[in-house]
2 protein chains.
Amino acid sequence: MRRVKVTEPQVFARVSRVFREKGYEGTSYADLIAATGLVKASLYHRFPGGKEEIVEAVLSEVDREFAEYVLRPAWQEGSPRERARQMARRLKEFYGSGGLWCLLDTITLSSNARTVAHAGRSMEFWIDSFARVARDAGLPAKLARARAEAAVAAIEGALIVSRVTKNRRPFLRTLGSLPTDLTKRAVGVSRAAVADEMEQLR
Amino acid sequence: MRRVKVTEPQVFARVSRVFREKGYEGTSYADLIAATGLVKASLYHRFPGGKEEIVEAVLSEVDREFAEYVLRPAWQEGSPRERARQMARRLKEFYGSGGLWCLLDTITLSSNARTVAHAGRSMEFWIDSFARVARDAGLPAKLARARAEAAVAAIEGALIVSRVTKNRRPFLRTLGSLPTDLTKRAVGVSRAAVADEMEQLR
DNA sequence: GTCTATAGCTTGATAGAC
DNA sequence: GTCTATCAAGCTATAGAC
């Protein structure tokens with residue numbers, strides 16, 4: 001009765017799903033076993049460092065996918081607004097329209113300093129990517145950076161609101177306004193009609 | 001050797017601090033014992049329902065304080081902008097300038113449905129409070145609601161960015177722009193100078 | 001690379017004395 | 001209302017066969 005070998009990409013995908021959903025402390029080996037179909041000793045064979053090593057590996061892998069797919073448009077040629085729009089589409093996909101949480105969030109609560117530092121670097125790259133688009137749209141570097149931080153926070157926060165109130169609309173709205181938030185030349189009081197903003201409400 | 005009795009408000013304050021910091025699964029009785037100075041059986045005497053009852057009680061209490069202090073200006077008389085400013089000041093205080101997390105966030109990851117529902121109602125009241133200020137500023141109800149959701153998300157997200165990148169500035173900036181974000185008549189492309197926004201960067 | 005079996009510790013929870 | 005003592009279950013982790 002030979003078991004079918006579970007491929008490495010499958011293990012990563014299934015395990016990361018659990019950590020995204022339950023966080024670091026909330027994830028037990030029982031959960032990981034149920035998700036992968038592997039037995040505990042097999043997980044230890046693949047990740048001798050235990051849970052900490054698993055979470056490090058998952059973070060690296062998810063990070064790579066996020067950078068290479070979701071954030072990629074930030075580093076390509078083309079109209080800043082259109083690149084932001086493409087990132088918004090991919091963010092929607094990546095976060096399951098607001099039904100999946102962010103690993104950088106769930107994993108950084110009561111986990112070790114090394115993991116938090118790793119997640120910090122990942123988030124910095126995310127911010128850098130957004131900031132690049134804002135700069136390409138003509139914003140001064142300092143302002144671009146602030147806009148990028150605010151945009152990342154808006155997304156992270158919208159996921160929390162989505163989880164807590166079980167309403168995904170704020171998340172989808174945040175993605176909808178992302179291209180504008182990242183690239184518009186100024187915020188503040190304007191004479192543009194309220195109707196403009198209301199039209200964008202979905 | 002009689003022990004000094006620990007007052008109920010002290011227990012609530014210390015226990016809620018732990019849950020804010022570590023989340024639901026991340027908090028163990030060992031943590032609660034260390035924080036309160038009480039022994040396990042004493043905690044069970046006060047909260048026979050165990051961890052679930054503790055977290056419910058903490059949520060109710062923190063909720064009450066948040067509504068009665070932080071959100072209070074939303075339901076008072078006066079200029080909407082000034083009321084938003086006062087809430088921003090109190091939010092800064094409540095979240096330790098970005099060094100303390102939100103219970104509604106940390107407690108809703110891998111905890112039971114009842115707790116998530118409770119947290120959901122708390123967040124709805126928060127959104128309602130913000131929306132009221134936006135409506136008082138002259139915004140139509142639907143737009144006011146969307147602005148309120150976005151503002152709550154911005155705060156929650158800024159706390160995550162603060163935790164992950166160990167940089168509190170995004171959080172403080174979010175509070176700085178809260179009065180404007182909540183009460184301005186329109187967003188979008190405007191002719192107001194970029195300098196206006198940059199001046200507000202701290 | 002996967003499995004069975006087991007070790008030892010920590011967890012949430014309870015009984016009962018003071 | 002607080003304590004000591006104890007419990008079973010769950011946890012992370014390892015040894016060793018196939």
# chains A, B, ... in the order shown; residues from 1 in each chain; ligands from 1
>>> interface_residues(of="chain A", to="chain D", cutoff="10 Å", atoms="only C-alpha atoms (C1' of nucleotides)", output="list in words")
Ser28, Tyr29, Ala30, Lys40, Ala41, Tyr44, Pro48, Gly49, Gly50 and Lys51 of chain A
>>> write_last_selection(atoms="C-alpha atoms", output="PDB file, in the first residue's frame")
ATOM      1  CA  SER A  28      -0.757  22.786  15.175  1.00  0.00           C
ATOM      2  CA  TYR A  29       0.823  19.731  13.644  1.00  0.00           C
ATOM      3  CA  ALA A  30      -2.616  18.141  13.701  1.00  0.00           C
ATOM      4  CA  LYS A  40       4.186  14.184  11.578  1.00  0.00           C
ATOM      5  CA  ALA A  41       7.530  12.445  11.084  1.00  0.00           C
ATOM      6  CA  TYR A  44       9.905  16.727  10.307  1.00  0.00           C
ATOM      7  CA  PRO A  48      13.878  19.346  10.503  1.00  0.00           C
ATOM      8  CA  GLY A  49      13.616  22.704  12.258  1.00  0.00           C
ATOM      9  CA  GLY A  50       9.966  22.115  13.097  1.00  0.00           C
ATOM     10  CA  LYS A  51       7.223  24.715  12.941  1.00  0.00           C
TER      11      LYS A  51
END
>>> interface_residues(of="chain C", to="chain A", cutoff="8 Å", atoms="only C-alpha atoms (C1' of nucleotides)", output="PyMOL selection string")
chain C and resi 1-3
>>> residues_around(residues="B:Leu71", least_positions_apart="4", cutoff="12 Å", atoms="only C-alpha atoms (C1' of nucleotides)", output="list in words")
Asp63, Arg64, Glu65, Phe66, Ala67, Trp75, Gln76, Arg83, Ala84, Arg85, Gln86, Met87, Ala88, Arg89, Arg90, Leu91, Phe94, Ser122, Met123, Phe125, Trp126, Ile127, Asp128, Ser129, Phe130, Ala131, Arg132, Val133 and Val152 of chain B
>>> closest_residue(among="A:Glu156, A:Glu56, A:Asp31, A:Asp181", to="chain B", atoms="only C-alpha atoms")
A:Glu156
>>> atom_distance(atom1="atom CA of A:Lys22", atom2="atom CA of B:Ser16")
20.3 Å
>>> interface_residues(of="chain B", to="chain A", cutoff="6 Å", atoms="only C-alpha atoms", output="ChimeraX atom specification")
/B:22,25-26,109-110,120,153-154,156-158,164-165,184,186,189-190,194
>>> write_last_selection(atoms="N, CA and C atoms", output="mmCIF file, in the first residue's frame")
data_model
loop_
_atom_site.group_PDB
_atom_site.id
_atom_site.type_symbol
_atom_site.label_atom_id
_atom_site.label_comp_id
_atom_site.auth_asym_id
_atom_site.auth_seq_id
_atom_site.Cartn_x
_atom_site.Cartn_y
_atom_site.Cartn_z
ATOM 1 N N LYS B 22 -0.944 38.884 22.161
ATOM 2 C CA LYS B 22 -0.657 37.518 21.703
ATOM 3 C C LYS B 22 -1.782 36.848 20.935
ATOM 4 N N GLU B 25 -5.205 32.148 20.475
ATOM 5 C CA GLU B 25 -4.448 30.903 20.623
ATOM 6 C C GLU B 25 -3.084 31.155 21.248
ATOM 7 N N GLY B 26 -2.539 32.333 21.002
ATOM 8 C CA GLY B 26 -1.212 32.643 21.522
ATOM 9 C C GLY B 26 -1.187 32.885 23.017
ATOM 10 N N LEU B 109 -8.713 35.675 15.123
ATOM 11 C CA LEU B 109 -8.023 34.663 14.320
ATOM 12 C C LEU B 109 -8.103 33.328 15.062
ATOM 13 N N SER B 110 -8.700 32.346 14.422
ATOM 14 C CA SER B 110 -8.878 31.019 15.003
ATOM 15 C C SER B 110 -9.429 31.053 16.430
ATOM 16 N N GLY B 120 -17.487 41.512 15.600
ATOM 17 C CA GLY B 120 -18.130 42.114 14.441
ATOM 18 C C GLY B 120 -19.083 43.230 14.837
ATOM 19 N N ALA B 153 -10.534 50.661 8.452
ATOM 20 C CA ALA B 153 -9.554 49.775 7.809
ATOM 21 C C ALA B 153 -8.172 50.419 7.791
ATOM 22 N N ALA B 154 -8.127 51.712 7.530
ATOM 23 C CA ALA B 154 -6.833 52.406 7.485
ATOM 24 C C ALA B 154 -6.131 52.322 8.836
ATOM 25 N N GLU B 156 -6.714 49.986 11.301
ATOM 26 C CA GLU B 156 -6.347 48.587 11.541
ATOM 27 C C GLU B 156 -5.109 48.208 10.733
ATOM 28 N N GLY B 157 -5.115 48.605 9.470
ATOM 29 C CA GLY B 157 -3.992 48.269 8.603
ATOM 30 C C GLY B 157 -2.712 48.956 9.028
ATOM 31 N N ALA B 158 -2.824 50.196 9.466
ATOM 32 C CA ALA B 158 -1.639 50.924 9.902
ATOM 33 C C ALA B 158 -1.027 50.246 11.130
ATOM 34 N N VAL B 164 4.586 44.939 11.758
ATOM 35 C CA VAL B 164 5.443 44.155 10.871
ATOM 36 C C VAL B 164 6.737 44.893 10.520
ATOM 37 N N THR B 165 6.627 46.182 10.248
ATOM 38 C CA THR B 165 7.831 46.919 9.841
ATOM 39 C C THR B 165 8.482 47.658 11.004
ATOM 40 N N LYS B 184 -13.934 65.515 4.489
ATOM 41 C CA LYS B 184 -13.789 66.314 3.259
ATOM 42 C C LYS B 184 -14.930 65.994 2.301
ATOM 43 N N ALA B 186 -15.008 65.769 -1.016
ATOM 44 C CA ALA B 186 -14.795 64.889 -2.161
ATOM 45 C C ALA B 186 -13.354 64.437 -2.205
ATOM 46 N N VAL B 189 -9.045 63.445 -8.165
ATOM 47 C CA VAL B 189 -8.083 64.384 -8.732
ATOM 48 C C VAL B 189 -8.524 65.806 -8.412
ATOM 49 N N SER B 190 -7.638 66.566 -7.903
ATOM 50 C CA SER B 190 -7.989 67.957 -7.584
ATOM 51 C C SER B 190 -6.852 68.846 -8.045
ATOM 52 N N VAL B 194 0.284 69.600 -4.590
ATOM 53 C CA VAL B 194 0.917 68.461 -3.933
ATOM 54 C C VAL B 194 1.571 68.936 -2.641
#
>>> select_by_dssp(residues="stretch 26-170 of chain B", states="alpha helix (DSSP H)", output="PyMOL selection string")
chain B and resi 26+29-36+40-46+51-65+80-94+103-106+113-136+141-165+169-170
>>> atom_distance(atom1="atom CA of A:Glu77", atom2="atom CA of A:Glu61")
25.4 Å
